[in-house]
Every structure is written in structure tokens, then in C-alpha cells.
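File shown here: target-v7.cif, holding mmCIF, C-alpha atoms.
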data_work
loop_
_atom_site.label_atom_id
_atom_site.label_comp_id
_atom_site.auth_asym_id
_atom_site.auth_seq_id
_atom_site.Cartn_x
_atom_site.Cartn_y
_atom_site.Cartn_z
CA MET C 1009 114.85 107.48 -22.24
CA GLN C 1010 117.84 109.74 -21.59
CA ASN C 1011 118.32 112.29 -24.38
CA ARG C 1012 115.08 111.11 -25.90
CA ILE C 1013 112.38 113.67 -26.62
CA MET C 1014 108.73 112.81 -26.30
CA THR C 1015 106.57 113.59 -29.32
CA HIS C 1016 103.70 111.91 -31.14
CA MET C 1017 102.77 110.10 -34.29
CA GLY C 1018 100.10 111.57 -36.57
CA ASP C 1019 97.57 109.26 -34.90
CA GLY C 1020 98.39 110.59 -31.44
CA GLU C 1021 100.60 107.73 -30.20
CA ARG C 1022 103.43 108.81 -27.91
CA ILE C 1023 106.88 108.19 -29.34
CA TYR C 1024 110.41 109.12 -28.32
CA MET C 1025 113.03 110.47 -30.71
CA SER C 1026 116.52 111.86 -30.44
CA ARG C 1027 117.16 115.49 -31.34
CA GLU C 1028 118.85 114.34 -34.54
CA GLU C 1029 115.90 112.18 -35.52
CA ILE C 1030 113.47 115.06 -35.03
CA ALA C 1031 115.68 117.32 -37.15
CA GLU C 1032 115.59 114.69 -39.90
CA GLU C 1033 111.79 114.47 -39.70
CA ILE C 1034 111.50 118.26 -39.94
CA ALA C 1035 113.75 118.31 -43.01
CA ARG C 1036 111.78 115.50 -44.68
CA GLY C 1037 108.47 117.19 -43.91
CA THR C 1038 109.35 120.61 -45.27
CA ASN C 1039 110.89 119.12 -48.39
CA ASP C 1040 107.75 117.08 -49.01
CA ALA C 1041 105.58 120.21 -48.73
CA ALA C 1042 107.91 122.18 -50.96
CA GLU C 1043 107.85 119.50 -53.63
CA ARG C 1044 104.09 118.96 -53.58
CA ALA C 1045 102.97 122.60 -53.45
CA GLU C 1046 105.93 123.95 -55.43
CA ILE C 1047 106.87 126.42 -52.72
CA PRO C 1048 110.13 127.13 -50.87
CA ALA C 1049 111.12 124.77 -48.07
CA LEU C 1050 111.75 126.19 -44.62
CA THR C 1051 115.18 127.76 -44.25
CA GLN C 1052 117.72 126.05 -42.01
CA LYS C 1053 117.12 128.78 -39.42
CA GLU C 1054 113.37 128.10 -39.48
CA GLN C 1055 113.95 124.35 -39.23
CA ASP C 1056 116.22 124.96 -36.24
CA LYS C 1057 113.51 127.10 -34.63
CA LEU C 1058 110.95 124.33 -35.16
CA LEU C 1059 113.40 121.83 -33.65
CA GLU C 1060 113.72 124.02 -30.55
CA ILE C 1061 109.93 124.09 -30.18
CA PHE C 1062 109.83 120.28 -30.20
CA CYS C 1063 112.74 120.11 -27.75
CA GLU C 1064 111.22 122.50 -25.20
CA PRO C 1065 111.02 120.55 -21.94
CA GLY C 1066 107.57 121.75 -20.92
CA ARG C 1067 104.57 119.53 -21.61
CA ILE C 1068 102.71 122.64 -22.85
CA VAL C 1069 104.39 125.42 -24.81
CA SER C 1070 103.22 128.84 -25.96
CA VAL C 1071 104.21 131.98 -27.81
CA SER C 1072 105.95 134.85 -26.02
CA PRO C 1073 103.89 137.70 -24.52
CA GLY C 1074 102.87 140.04 -27.33
CA GLU C 1075 102.80 137.28 -29.95
CA GLU C 1076 99.33 135.97 -29.09
CA VAL C 1077 96.86 135.63 -31.95
CA VAL C 1078 93.12 135.61 -32.43
CA VAL C 1079 91.52 132.18 -32.18
CA SER C 1080 88.36 131.94 -34.24
CA ASP C 1081 86.10 128.92 -33.94
CA ASP C 1082 83.74 126.72 -35.90
CA ALA C 1083 80.91 126.25 -33.42
CA CYS C 1084 83.10 125.20 -30.51
CA SER C 1085 80.04 125.79 -28.33
CA MET C 1086 78.67 122.58 -29.90
CA SER C 1087 81.44 120.69 -28.13
CA TYR C 1088 79.54 121.13 -24.88
CA TYR C 1089 76.29 119.48 -25.88
CA ALA C 1090 76.96 117.41 -29.00
CA ASP C 1091 77.94 113.75 -29.17
CA GLN C 1092 81.11 111.96 -30.25
CA GLU C 1093 80.38 112.60 -33.92
CA ASN C 1094 80.95 116.31 -33.26
CA SER C 1095 83.67 115.72 -30.67
CA GLY C 1096 81.07 116.74 -28.12
CA MET C 1097 80.88 116.04 -24.43
CA GLY C 1098 77.13 115.46 -24.31
CA LEU C 1099 76.42 117.92 -21.53
CA PRO C 1100 72.77 118.77 -20.93
CA MET C 1101 73.23 122.35 -22.10
CA CYS C 1102 71.28 124.41 -24.61
CA ARG C 1103 72.90 126.44 -27.38
CA PRO C 1104 72.56 129.88 -25.74
CA VAL C 1105 74.24 128.72 -22.52
CA SER C 1106 76.94 126.87 -24.48
CA ILE C 1107 77.72 129.97 -26.52
CA LEU C 1108 77.98 132.22 -23.46
CA ASN C 1109 80.09 129.58 -21.74
CA TRP C 1110 82.47 129.67 -24.70
CA GLU C 1111 82.61 133.47 -24.45
CA ARG C 1112 82.93 133.93 -20.70
CA VAL C 1113 84.46 130.70 -19.39
CA ALA C 1114 86.58 129.37 -22.25
CA CYS C 1115 87.30 132.98 -23.32
CA GLY C 1116 87.26 132.41 -27.06
CA ASP C 1117 87.97 135.38 -29.28
CA THR C 1118 84.94 134.57 -31.46
CA CYS C 1119 81.91 132.35 -30.94
CA CYS C 1120 79.66 130.54 -33.33
CA MET C 1121 76.37 128.69 -33.60
CA GLY C 1122 75.21 126.38 -36.31
CA HIS C 1123 72.84 123.57 -37.18
CA THR C 1124 73.73 120.42 -35.26
CA ASP C 1125 74.43 118.64 -38.56
CA PHE C 1126 76.72 121.60 -39.33
CA SER C 1127 75.72 121.77 -42.99
CA TYR C 1128 73.88 124.61 -44.70
CA LYS C 1129 71.42 122.34 -46.54
CA PRO C 1130 69.56 121.17 -43.41
CA ALA C 1131 69.82 124.69 -41.95
CA LYS C 1132 67.81 125.99 -44.90
CA SER C 1133 64.73 123.96 -44.04
CA ILE C 1134 64.62 125.31 -40.47
CA ILE C 1135 65.96 128.76 -41.24
CA ASN C 1136 63.32 130.59 -39.20
CA TYR C 1137 64.30 128.60 -36.11
CA GLU C 1138 67.98 129.30 -36.75
CA THR C 1139 67.61 133.01 -37.45
CA ASN C 1140 65.38 133.43 -34.41
CA GLU C 1141 67.95 131.79 -32.16
CA TYR C 1142 70.84 133.65 -33.78
CA TYR C 1143 69.05 136.93 -33.14
CA THR C 1144 68.42 136.06 -29.50
CA ASN C 1145 72.02 135.01 -28.95
CA SER C 1146 73.44 138.08 -30.68
CA GLN C 1147 71.74 140.23 -28.05
CA SER C 1148 73.64 138.54 -25.23
CA THR C 1149 77.12 137.96 -26.73
CA THR C 1150 79.93 140.52 -26.78
CA ILE C 1151 82.54 138.76 -28.92
CA PRO C 1152 81.98 138.34 -32.71
CA MET C 1153 79.41 135.61 -33.34
CA PHE C 1154 79.37 133.59 -36.55
CA TYR C 1155 76.66 131.41 -37.96
CA GLY C 1156 78.71 128.46 -39.12
CA SER C 1157 78.17 125.34 -41.20
CA GLN C 1158 79.75 123.42 -44.04
CA PRO C 1159 78.72 123.92 -47.68
CA ASN C 1160 78.93 120.09 -47.81
CA MET C 1161 77.82 119.51 -51.40
CA GLY C 1162 77.81 115.77 -50.80
CA LEU C 1163 74.36 116.12 -49.23
CA TYR C 1164 72.94 117.15 -52.61
CA TYR C 1165 73.59 113.73 -54.19
CA ARG C 1166 71.34 110.69 -54.04
CA PRO C 1167 70.26 109.18 -51.69
CA ASP C 1168 70.43 112.36 -49.56
CA GLY C 1169 69.68 114.85 -52.33
CA PRO C 1170 68.09 115.26 -55.73
CA PHE C 1171 71.13 114.89 -58.01
CA ASP C 1172 72.83 111.81 -59.42
CA ASN C 1173 75.77 110.70 -57.33
CA PRO C 1174 79.15 111.19 -59.07
CA SER C 1175 80.67 108.51 -56.86
CA GLU C 1176 78.32 106.01 -58.48
CA LEU C 1177 78.59 107.44 -62.01
CA LEU C 1178 82.39 107.62 -62.19
CA PRO C 1179 83.03 103.88 -61.64
CA LEU C 1180 80.56 103.24 -64.49
CA GLY C 1181 82.63 105.41 -66.80
CA LYS C 1182 79.89 108.03 -67.02
CA ILE C 1183 82.33 110.92 -66.84
CA GLU C 1184 80.22 113.62 -68.47
CA GLU C 1185 77.16 112.66 -66.44
CA ALA C 1186 79.22 112.84 -63.24
CA LYS C 1187 80.53 116.27 -64.17
CA GLN C 1188 77.05 117.55 -65.00
CA ALA C 1189 75.67 116.23 -61.71
CA GLN C 1190 78.34 118.25 -59.88
CA LEU C 1191 77.49 121.41 -61.78
CA ASP C 1192 73.79 120.93 -61.02
CA ALA C 1193 74.51 120.34 -57.35
CA ALA C 1194 76.85 123.34 -57.23
CA GLY C 1195 74.13 125.59 -58.61
CA GLN C 1196 71.68 124.46 -55.94
CA LEU C 1197 74.33 124.74 -53.23
CA GLN C 1198 75.14 128.31 -54.24
CA ASP C 1199 71.45 129.22 -54.18
CA ASP C 1200 71.03 127.68 -50.73
CA LEU C 1201 74.10 129.42 -49.31
CA MET C 1202 72.83 132.75 -50.58
CA PHE C 1203 69.34 132.08 -49.23
CA VAL C 1204 70.60 131.22 -45.75
CA ALA C 1205 72.92 134.25 -45.81
CA GLY C 1206 70.09 136.54 -46.85
CA GLU C 1207 67.88 135.36 -43.99
CA LEU C 1208 70.71 135.68 -41.47
CA ASN C 1209 71.48 139.19 -42.68
CA LYS C 1210 67.90 140.20 -41.88
CA VAL C 1211 68.54 139.46 -38.18
CA GLY C 1212 71.83 141.34 -38.08
CA CYS C 1213 74.16 138.36 -38.44
CA GLU C 1214 77.70 139.48 -37.65
CA GLY C 1215 79.46 136.84 -39.70
CA MET C 1216 79.28 133.48 -41.43
CA ASN C 1217 81.76 130.64 -41.26
CA PHE C 1218 82.04 128.58 -44.45
CA ASP C 1219 83.66 125.66 -42.70
CA THR C 1220 85.41 122.82 -44.57
CA SER C 1221 84.67 124.35 -47.96
CA GLY C 1222 85.40 122.11 -50.91
CA SER C 1223 84.82 118.86 -49.01
CA ALA C 1224 83.01 117.47 -52.06
CA GLY C 1225 85.63 118.79 -54.45
CA ASP C 1226 86.26 121.70 -56.77
CA ALA C 1227 82.59 122.28 -57.68
CA ASP C 1228 81.82 122.59 -53.94
CA MET C 1229 84.56 125.21 -53.64
CA MET C 1230 83.33 127.01 -56.75
CA ALA C 1231 79.80 127.26 -55.33
CA SER C 1232 81.18 128.54 -52.02
CA LEU C 1233 83.33 131.25 -53.61
CA LYS C 1234 80.54 132.35 -55.95
CA ALA C 1235 78.13 132.52 -53.03
CA VAL C 1236 80.57 134.60 -50.97
CA LYS C 1237 80.96 137.06 -53.82
CA GLU C 1238 77.20 137.52 -54.15
CA ILE C 1239 76.62 137.68 -50.39
CA LYS C 1240 79.20 140.42 -49.96
CA LYS C 1241 77.39 142.53 -52.55
CA VAL C 1242 74.18 142.60 -50.50
CA ALA C 1243 75.60 142.15 -47.00
CA PRO C 1244 79.04 143.80 -46.88
CA ASN C 1245 78.98 144.00 -43.08
CA MET C 1246 78.29 140.30 -42.60
CA TYR C 1247 81.86 139.11 -42.35
CA ILE C 1248 82.90 135.76 -43.80
CA GLU C 1249 85.53 133.25 -42.75
CA LEU C 1250 86.17 130.47 -45.27
CA GLY C 1251 88.18 127.39 -44.37
CA MET C 1252 89.53 124.64 -46.59
CA ALA C 1253 88.65 120.94 -46.34
CA SER C 1254 92.04 119.57 -47.40
CA GLU C 1255 95.46 120.86 -48.35
CA PHE C 1256 94.52 121.18 -52.01
CA VAL C 1257 91.18 121.47 -53.77
CA LEU C 1258 90.11 118.00 -54.81
CA GLY C 1259 89.49 117.76 -58.56
CA MET C 1260 86.29 115.73 -58.43
CA HIS C 1261 85.09 117.65 -61.50
CA GLY C 1262 88.45 118.75 -62.79
CA SER C 1263 87.67 121.78 -64.91
CA VAL C 1264 85.51 124.22 -62.95
CA GLU C 1265 86.91 127.69 -62.43
CA PHE C 1266 86.45 130.80 -60.31
CA GLU C 1267 87.39 134.16 -61.84
CA GLY C 1268 89.16 132.36 -64.68
CA THR C 1269 91.32 130.10 -62.50
CA ARG C 1270 90.86 126.34 -62.46
CA LEU C 1271 90.17 125.26 -58.90
CA ALA C 1272 91.30 121.63 -58.96
CA GLY C 1273 94.66 121.13 -57.31
CA LEU C 1274 95.03 124.60 -55.81
CA TYR C 1275 97.08 124.69 -52.62
CA PRO C 1276 96.39 127.21 -49.81
CA HIS C 1277 98.84 129.84 -51.11
CA GLN C 1278 96.99 129.80 -54.44
CA LEU C 1279 93.42 129.51 -53.16
CA VAL C 1280 93.81 132.44 -50.77
CA LYS C 1281 94.06 134.81 -53.75
CA LEU C 1282 90.68 133.59 -55.05
CA ALA C 1283 89.23 133.90 -51.56
CA GLU C 1284 90.39 137.51 -51.51
CA ALA C 1285 88.79 138.11 -54.90
CA ALA C 1286 85.51 136.65 -53.65
CA GLY C 1287 85.51 138.99 -50.65
CA VAL C 1288 86.39 136.55 -47.88
CA ASP C 1289 87.48 138.37 -44.70
CA ILE C 1290 89.44 135.56 -42.99
CA PHE C 1291 90.90 132.54 -44.82
CA GLY C 1292 91.56 129.18 -43.19
CA PRO C 1293 94.33 127.16 -44.84
CA THR C 1294 94.36 123.45 -44.14
CA VAL C 1295 97.18 120.94 -44.39
CA ASN C 1296 96.47 117.22 -44.15
CA VAL C 1297 97.98 115.01 -41.46
CA ASN C 1298 99.52 111.65 -42.33
CA THR C 1299 98.80 109.35 -39.38
CA SER C 1300 101.73 107.11 -40.30
CA GLU C 1301 104.24 109.93 -40.01
CA SER C 1302 105.47 111.76 -36.90
CA THR C 1303 104.20 115.11 -35.62
CA PRO C 1304 107.56 116.76 -36.43
CA TRP C 1305 107.13 115.61 -40.04
CA ASN C 1306 103.48 116.67 -40.19
CA LEU C 1307 103.97 120.03 -38.50
CA SER C 1308 106.99 120.85 -40.65
CA ARG C 1309 104.87 120.26 -43.77
CA SER C 1310 102.06 122.38 -42.35
CA VAL C 1311 104.24 125.30 -41.33
CA THR C 1312 105.84 125.30 -44.79
CA MET C 1313 102.47 125.61 -46.55
CA VAL C 1314 101.03 128.10 -44.05
CA LYS C 1315 104.11 130.31 -44.29
CA ALA C 1316 103.80 130.37 -48.09
CA THR C 1317 100.14 131.35 -47.71
CA ALA C 1318 100.84 134.11 -45.17
CA GLU C 1319 103.49 135.61 -47.44
CA VAL C 1320 101.04 136.21 -50.30
CA ALA C 1321 97.83 136.84 -48.35
CA ASN C 1322 96.41 140.34 -48.04
CA ILE C 1323 93.72 139.11 -45.63
CA PRO C 1324 94.23 137.49 -42.24
CA ILE C 1325 94.76 133.74 -42.29
CA HIS C 1326 93.68 131.38 -39.50
CA PRO C 1327 95.08 127.87 -40.17
CA ASN C 1328 92.74 125.08 -39.14
CA VAL C 1329 94.11 123.31 -36.08
CA GLY C 1330 91.41 120.80 -35.35
CA MET C 1331 92.29 117.15 -35.04
CA GLY C 1332 93.96 115.78 -38.14
CA VAL C 1333 94.97 119.07 -39.76
CA CYS C 1334 97.97 121.41 -39.67
CA GLY C 1335 100.07 119.03 -37.62
CA VAL C 1336 97.52 118.22 -34.90
CA PRO C 1337 97.32 114.43 -34.51
CA MET C 1338 94.28 112.69 -35.96
CA TYR C 1339 92.81 111.62 -32.65
CA GLU C 1340 89.61 112.71 -30.93
CA VAL C 1341 91.53 113.66 -27.78
CA PRO C 1342 94.55 115.38 -29.35
CA PRO C 1343 97.67 115.34 -27.13
CA ILE C 1344 98.06 118.77 -25.58
CA GLY C 1345 101.83 118.81 -26.10
CA ALA C 1346 101.36 118.35 -29.85
CA VAL C 1347 98.49 120.86 -30.06
CA THR C 1348 100.41 123.63 -28.32
CA ARG C 1349 103.56 123.00 -30.35
CA CYS C 1350 101.51 123.22 -33.53
CA SER C 1351 99.98 126.52 -32.40
CA LYS C 1352 103.33 128.02 -31.48
CA ALA C 1353 105.06 126.95 -34.69
CA LEU C 1354 102.22 128.10 -36.95
CA VAL C 1355 102.34 131.54 -35.33
CA GLN C 1356 106.08 132.03 -34.93
CA ILE C 1357 107.29 130.39 -38.14
CA GLY C 1358 104.15 130.16 -40.27
CA LYS C 1359 103.25 133.80 -39.47
CA ALA C 1360 99.57 132.96 -39.00
CA ASP C 1361 97.28 135.85 -38.03
CA GLY C 1362 95.11 133.55 -35.96
CA LEU C 1363 94.16 129.94 -35.48
CA MET V 383 94.11 128.26 -26.55
CA GLY V 384 97.64 128.51 -25.17
CA SER V 385 98.62 131.03 -27.83
CA ALA V 386 95.24 132.81 -27.92
CA MET V 387 94.54 136.42 -26.97
CA GLY V 388 91.90 135.51 -24.41
CA GLY V 389 88.62 137.00 -25.67
CA ILE V 390 86.92 139.40 -23.24
CA ARG V 391 89.37 138.29 -20.56
CA THR V 392 91.74 140.70 -22.32
CA ALA V 393 91.27 142.28 -25.77
CA GLY V 394 90.92 139.23 -28.03
CA ASP V 395 87.43 140.11 -29.19
CA LEU V 396 88.48 143.64 -30.12
CA VAL V 397 91.37 142.40 -32.26
CA ALA V 398 89.06 139.80 -33.84
CA TRP V 399 86.59 142.55 -34.74
CA MET V 400 89.35 144.42 -36.59
CA GLN V 401 90.43 141.32 -38.50
CA LEU V 402 86.85 140.69 -39.57
CA SER V 403 85.69 144.22 -40.30
CA LYS V 404 88.85 145.61 -41.91
CA LYS V 405 90.62 142.40 -43.02
CA MET V 406 93.59 143.44 -40.90
CA LYS V 407 96.58 141.18 -40.40
CA ILE V 408 97.33 140.45 -36.75
CA ASN V 409 99.93 143.14 -36.11
CA ASP V 410 97.88 145.89 -37.79
CA ALA V 411 94.75 144.82 -35.91
CA LYS V 412 96.56 144.88 -32.57
CA LYS V 413 98.08 148.28 -33.32
CA HIS V 414 94.69 149.74 -34.21
CA VAL V 415 93.05 148.43 -31.04
CA ALA V 416 95.94 149.58 -28.86
CA GLU V 417 95.74 153.08 -30.31
CA LYS V 418 92.00 153.25 -29.74
CA LEU V 419 92.43 152.09 -26.15
CA GLY V 420 95.43 154.32 -25.55
CA VAL V 421 97.73 151.48 -24.48
CA ASP V 422 100.78 149.68 -25.85
CA VAL V 423 100.31 146.54 -27.98
CA ILE V 424 101.88 144.39 -25.28
CA ASP V 425 99.14 145.54 -22.88
CA LEU V 426 96.38 143.95 -24.96
CA THR V 427 96.93 140.61 -23.21
CA ASP V 428 97.67 142.10 -19.80
CA GLU V 429 94.76 140.81 -17.70
CA GLU V 430 95.24 143.40 -14.95
CA LYS V 431 95.27 146.37 -17.31
CA MET V 432 92.53 145.13 -19.61
CA ARG V 433 90.19 144.20 -16.75
CA GLU V 434 90.29 147.78 -15.49
CA LEU V 435 90.20 149.31 -18.96
CA ARG V 436 87.22 147.24 -20.09
CA GLU V 437 85.27 148.37 -17.04
CA GLU V 438 86.30 151.99 -17.60
CA LYS V 439 85.25 151.85 -21.27
CA ASN V 440 82.14 149.83 -20.32
CA ILE V 441 82.69 147.32 -23.14
CA GLY V 442 81.99 144.09 -21.28
CA THR V 443 84.15 142.18 -18.83
CA ILE V 444 84.59 138.52 -18.07
CA ILE V 445 83.37 139.17 -14.55
CA SER V 446 79.68 140.01 -14.29
CA LEU V 447 79.45 143.63 -13.19
CA ILE V 448 75.89 144.37 -12.13
CA GLY V 449 74.41 147.15 -14.23
CA ALA V 450 77.35 147.37 -16.63
CA ALA V 451 77.05 147.01 -20.42
CA LYS V 452 76.87 143.42 -21.68
CA GLY V 453 76.02 141.79 -24.97
CA ILE V 454 74.51 144.12 -27.54
CA GLN V 455 75.04 147.14 -25.28
CA ALA V 456 78.75 146.38 -25.08
CA LYS V 457 78.89 145.75 -28.83
CA CYS V 458 77.36 149.18 -29.50
CA ARG V 459 80.15 150.73 -27.50
CA ILE V 460 82.79 148.54 -29.19
CA ALA V 461 81.58 149.56 -32.66
CA GLU V 462 81.92 153.20 -31.67
CA LEU V 463 85.28 152.72 -29.94
CA LEU V 464 86.86 150.88 -32.87
CA ASP V 465 84.98 152.85 -35.56
CA ILE V 466 83.65 149.74 -37.27
CA GLU V 467 80.32 148.45 -38.59
CA ILE V 468 78.71 145.57 -36.69
CA ASN V 469 75.59 144.17 -38.31
CA SER V 470 73.79 143.33 -35.06
CA VAL V 471 74.53 146.79 -33.70
CA ASN V 472 73.14 148.44 -36.82
CA LEU V 473 69.92 146.42 -36.49
CA PHE V 474 69.66 147.24 -32.79
CA LYS V 475 70.08 150.95 -33.45
CA SER V 476 67.54 150.76 -36.25
CA ASN V 477 65.04 149.16 -33.87
CA MET V 478 65.73 151.86 -31.28
CA LYS V 479 65.42 154.72 -33.76
CA GLY V 480 63.64 157.67 -32.21
CA LEU V 481 64.31 156.47 -28.67
CA ILE V 482 68.09 157.07 -28.42
#

Now that the file is in, can you turn its structure into C-alpha cells?
Amino acid sequence: MQNRIMTHMGDGERIYMSREEIAEEIARGTNDAAERAEIPALTQKEQDKLLEIFCEPGRIVSVSPGEEVVVSDDACSMSYYADQENSGMGLPMCRPVSILNWERVACGDTCCMGHTDFSYKPAKSIINYETNEYYTNSQSTTIPMFYGSQPNMGLYYRPDGPFDNPSELLPLGKIEEAKQAQLDAAGQLQDDLMFVAGELNKVGCEGMNFDTSGSAGDADMMASLKAVKEIKKVAPNMYIELGMASEFVLGMHGSVEFEGTRLAGLYPHQLVKLAEAAGVDIFGPTVNVNTSESTPWNLSRSVTMVKATAEVANIPIHPNVGMGVCGVPMYEVPPIGAVTRCSKALVQIGKADGL
Amino acid sequence: MGSAMGGIRTAGDLVAWMQLSKKMKINDAKKHVAEKLGVDVIDLTDEEKMRELREEKNIGTIISLIGAAKGIQAKCRIAELLDIEINSVNLFKSNMKGLI
């Protein structure tokens, strides 16, 4: 293994590469991002810097003192008590204790609570329970506390919801019916997001996290952005973080717009401008991970897209660094060496304002 | 967390409040907080300095100080220190109207 550097595949498997091989992966990754998103590739100096991060001998790496960033969260307190589906550890802990543990033991910069299903639709039906508990928790926390969930428009389609399922209509060639079903679902989703926000605002909610927005496609993202715009009109002091679901907005509908811009196919550096227009306070760019490629390749792609987003953003950006996004391997126990290298590179080269 | 500010262990929550309330990029947010605390930006992640400063300002510490401000009390002081609006603080003050 002499002169071989330990790194990982996108699925978390340990691999060993030479310095030259890692440099090649970095070059391939940034060029792929540049081609797909039509943005500049990393400069040779930036690629060299990324190479040095991968070649650092320590198992764990970090930024230099003074370069630390804010780390916001999407209900990390759930990790204590939830099950495998939520990457949880199944501890017999209640939400209030989990949240305070996140604040005072894990020392997060923000904390968050949300419905266990982590979608706004089920939160709506138990909103009194949720607002009551949010209010109680907000009296005991010191760091900013979000109420977080996913817009998750997929829950509005049959069999889980009232609207026809586009995934069933499209294979039948019922294109217009599929598009109409998405518009109908988007209207209901927007109403529900605004309803939940209105109730949370009544109990002094400090912020909302629109996690994994656009997971059901462009109509999902449209509903989320429209809801944010309306929420900010009535609750300007309830701050909103909006994160993406994938590296570009999926065109499940194909033609829906926000503020005159078609949403389908927008990459983070384009979507952030619409997020700003909607009134979003913190934007979370996401870049997909290819499990068949190496972490140097995946992280190079991610840093390229995040850097392009940071350069045009007028609001802080916190790239998503959960498993399977922004270079972090797609594995439920992400290798710490890969995670910390992703964090360092996204801050130092990608110029992220947080993670 | 290796590249994180450290929450109430240092000044991570204060910088987060500035990003949320004023949409500040990281360097602007740090500069604002440092000015309000009267320290240099590099000090914001200095555990020794921030532990003492947080107790002095009574804005919540990682260690449980009996009788010191915690939770909503600390947030009231943070909103005033940073000159920002915090929704929960506004509601708390509204509920305490006439008493404080």
C-alpha cells in the first residue's frame, strides 16, 4: 500500500489510489459538473487544493481556525430516537430531551423538530400536537429551532392521497392528465404548507426547514417556493431554510414556472436566485452522488456546483451533506474520513456559508 | 461537525441567528457577532474566551450554571445583544406585557 492513499467509493467502500489517480478523478469530476450544469470547472489551483485535502494523512480533517461555518440541521434530534428508516439509533428518548441533547451535547448550531414521518402533510392533521410541543421546546432551547419537514408532494397521489398518480398515468400515455394531477396536488400542497406555517407562527416559531424540496419534481418545487413567498408576507420573522432534493429540479411536469422561470432542469446556481426571490433565508444546494464513482470524483463535482452557487448567491448557502449528497458516500454509516473531507472542501473551495 | 462552529459551546448559535435573521453570508455574520461581543472574529470559536463571555453576557452556556439565563431567557438577551427579531422572544414578551 506504499504511496497509496485511502479513499472511498460513492457507496462507502474503502479503496486505495495513487496521487495521480486521485488527480485524474478530480479532473473528471469537475469537468462532468461543468458540462452538465454549464458552469466553469475548478481551476487547476482549486483542483490541486482538493487533491491536497484527499492526501492529508489524518483520518479526520478540518478547516483552519477561523474558517469554521454554521451547521444547520434537518431534525438531527430525530437520529436519537428514530429507527433505521430515519438513520436513527432507536434510543428510548422523547423529542424534548433529544432536542436539548443536540443543543448541549452534540453542540449543533441550530436544532429542529418535525413529524416523525418528516412530511408536512401528516403534520397538518396533528398540528395542535406539533405546535404545542414546538412551543414547549422553544422555551427551553437557546439555539435557533426550526420546525422541519419535507413538502413531499408524492404523498398527495393515490393511494396515499386524493389525486391521480402521475407515475401510473404517464406509462399509459395520459400526459395531460398527469400534468393536471401534478398541478392539483401542488395547489393542495401549497395550501397545506401555508396552513402549517400559519399555525406555527402563532406559537412563535423561529424558523421552518423545507427539507428535500422538489422531491416529487418541478410542481413540488413550485408549490414550495410559492408557499415561502406567501408565508414571508405574513410571518417575516419566521425564517426559512429550503434545501433541494437533487442536483437539478426534476421535470416531472416540465412546464411549471416560478416568477416567470421554468423550474424543470434548474441547477443549484440557477435555483438559488428563485429561492432569493421567494424570500428564502438559507438555501441548501444538493449534488447527487454516483455510487459507482469514487469520492474524489463525486466531491469534485459537488464542489464545482456549490462554488458556482456561492458565487451568485446573495443569501447564505448550506450545502446538504447527508449520506448520498455533495460527495458524502451513499451509506447509512458514512465513513468519517470522507465526510470530513467533503466538509472541508465545500467550505474552503466551494465557499459554503454553512453545511 | 469537524468544521462546525460549535453551537453554544462557542458562538455558533449567534452566527446562525445572523444568517437567518439578516441573510448574512458567513464572513459578514461572524463580523457582526464579533463586533457585538467586542472580540475578534477568530475568538468566536475560542472555547476559553467564549465560555467566559457567554457567562458574562448571560446568554446561555453549555455548562449548566444554576440560576443563569437559559432557553427563552437567554434568547431574549441574544435578540437584544444582536439587535435581531426572534419570533419566540416576541411572543414571550407579548405574554409578559405589563409585568416586565

Problem - Residues of chain V within 9 Å of chain C, all atoms listed in the file counted, as a ChimeraX atom specification - result: /V:383-399,401-409,423-428,441-445,452-457,460,467-474

Problem - Resolved residues for the PyMOL selection byres ((chain C and resi 1328) around 6) as number ranges by chain - result: C: 1292, 1294, 1327, 1329-1330

Problem - For range 1268-1275 of chain C: contacts at 10 Å, only C-alpha atoms, fewer than 4 positions along chain excluded, given as a VMD selection string - result: chain C and resid 1044 to 1047 1222 1225 to 1227 1229 to 1230 1252 1254 to 1264 1279 to 1280 1282 1293 to 1295 1313 1316 to 1317

Exercise for the section: Could you please give me, as a ChimeraX atom specification, the residues of protein, DNA or RNA lying at most 8 Å from (101.3, 119.1, -41.3) in the coordinate frame of the file, considering only C-alpha atoms? Expected result: /C:1037,1295-1298,1303,1305-1311,1333-1336

Exercise for the section: Could you tell me which residues the PyMOL selection byres ((chain C and resi 1088-1101) around 10) returns for this structure, as a list in words? Expected result: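 Expected selection for the PyMOL selection byres ((chain C and resi 1088-1101) around 10) here is Ala1083, Cys1084, Ser1085, Met1086, Ser1087, Cys1102, Arg1103, Pro1104, Val1105, Ser1106, Ile1107, Asn1109, Trp1110, Thr1124, Asp1125, Phe1126, Met1331, Glu1340 and Val1341 of chain C.
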
Keeping only C-alpha atoms, write those residues as a compact mmCIF listing (two decimals), in the coordinates of the input.
# COMPACT_ATOMS: atom_id res chain seq x y z
CA ALA C 1083 80.91 126.25 -33.42
CA CYS C 1084 83.10 125.20 -30.51
CA SER C 1085 80.04 125.79 -28.33
CA MET C 1086 78.67 122.58 -29.90
CA SER C 1087 81.44 120.69 -28.13
CA CYS C 1102 71.28 124.41 -24.61
CA ARG C 1103 72.90 126.44 -27.38
CA PRO C 1104 72.56 129.88 -25.74
CA VAL C 1105 74.24 128.72 -22.52
CA SER C 1106 76.94 126.87 -24.48
CA ILE C 1107 77.72 129.97 -26.52
CA ASN C 1109 80.09 129.58 -21.74
CA TRP C 1110 82.47 129.67 -24.70
CA THR C 1124 73.73 120.42 -35.26
CA ASP C 1125 74.43 118.64 -38.56
CA PHE C 1126 76.72 121.60 -39.33
CA MET C 1331 92.29 117.15 -35.04
CA GLU C 1340 89.61 112.71 -30.93
CA VAL C 1341 91.53 113.66 -27.78

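The two atoms in question, CA of Lys1240 in chain C and CA of Ala1224 in chain C, are spaced 23.4 Å apart.
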
Exercise for the section: Record the distance separating CA of Glu1028 in chain C and CA of Thr1051 in chain C, expressed in Å with one decimal. Expected result: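 Calculated distance between CA of Glu1028 in chain C and CA of Thr1051 in chain C is 17.0 Å.
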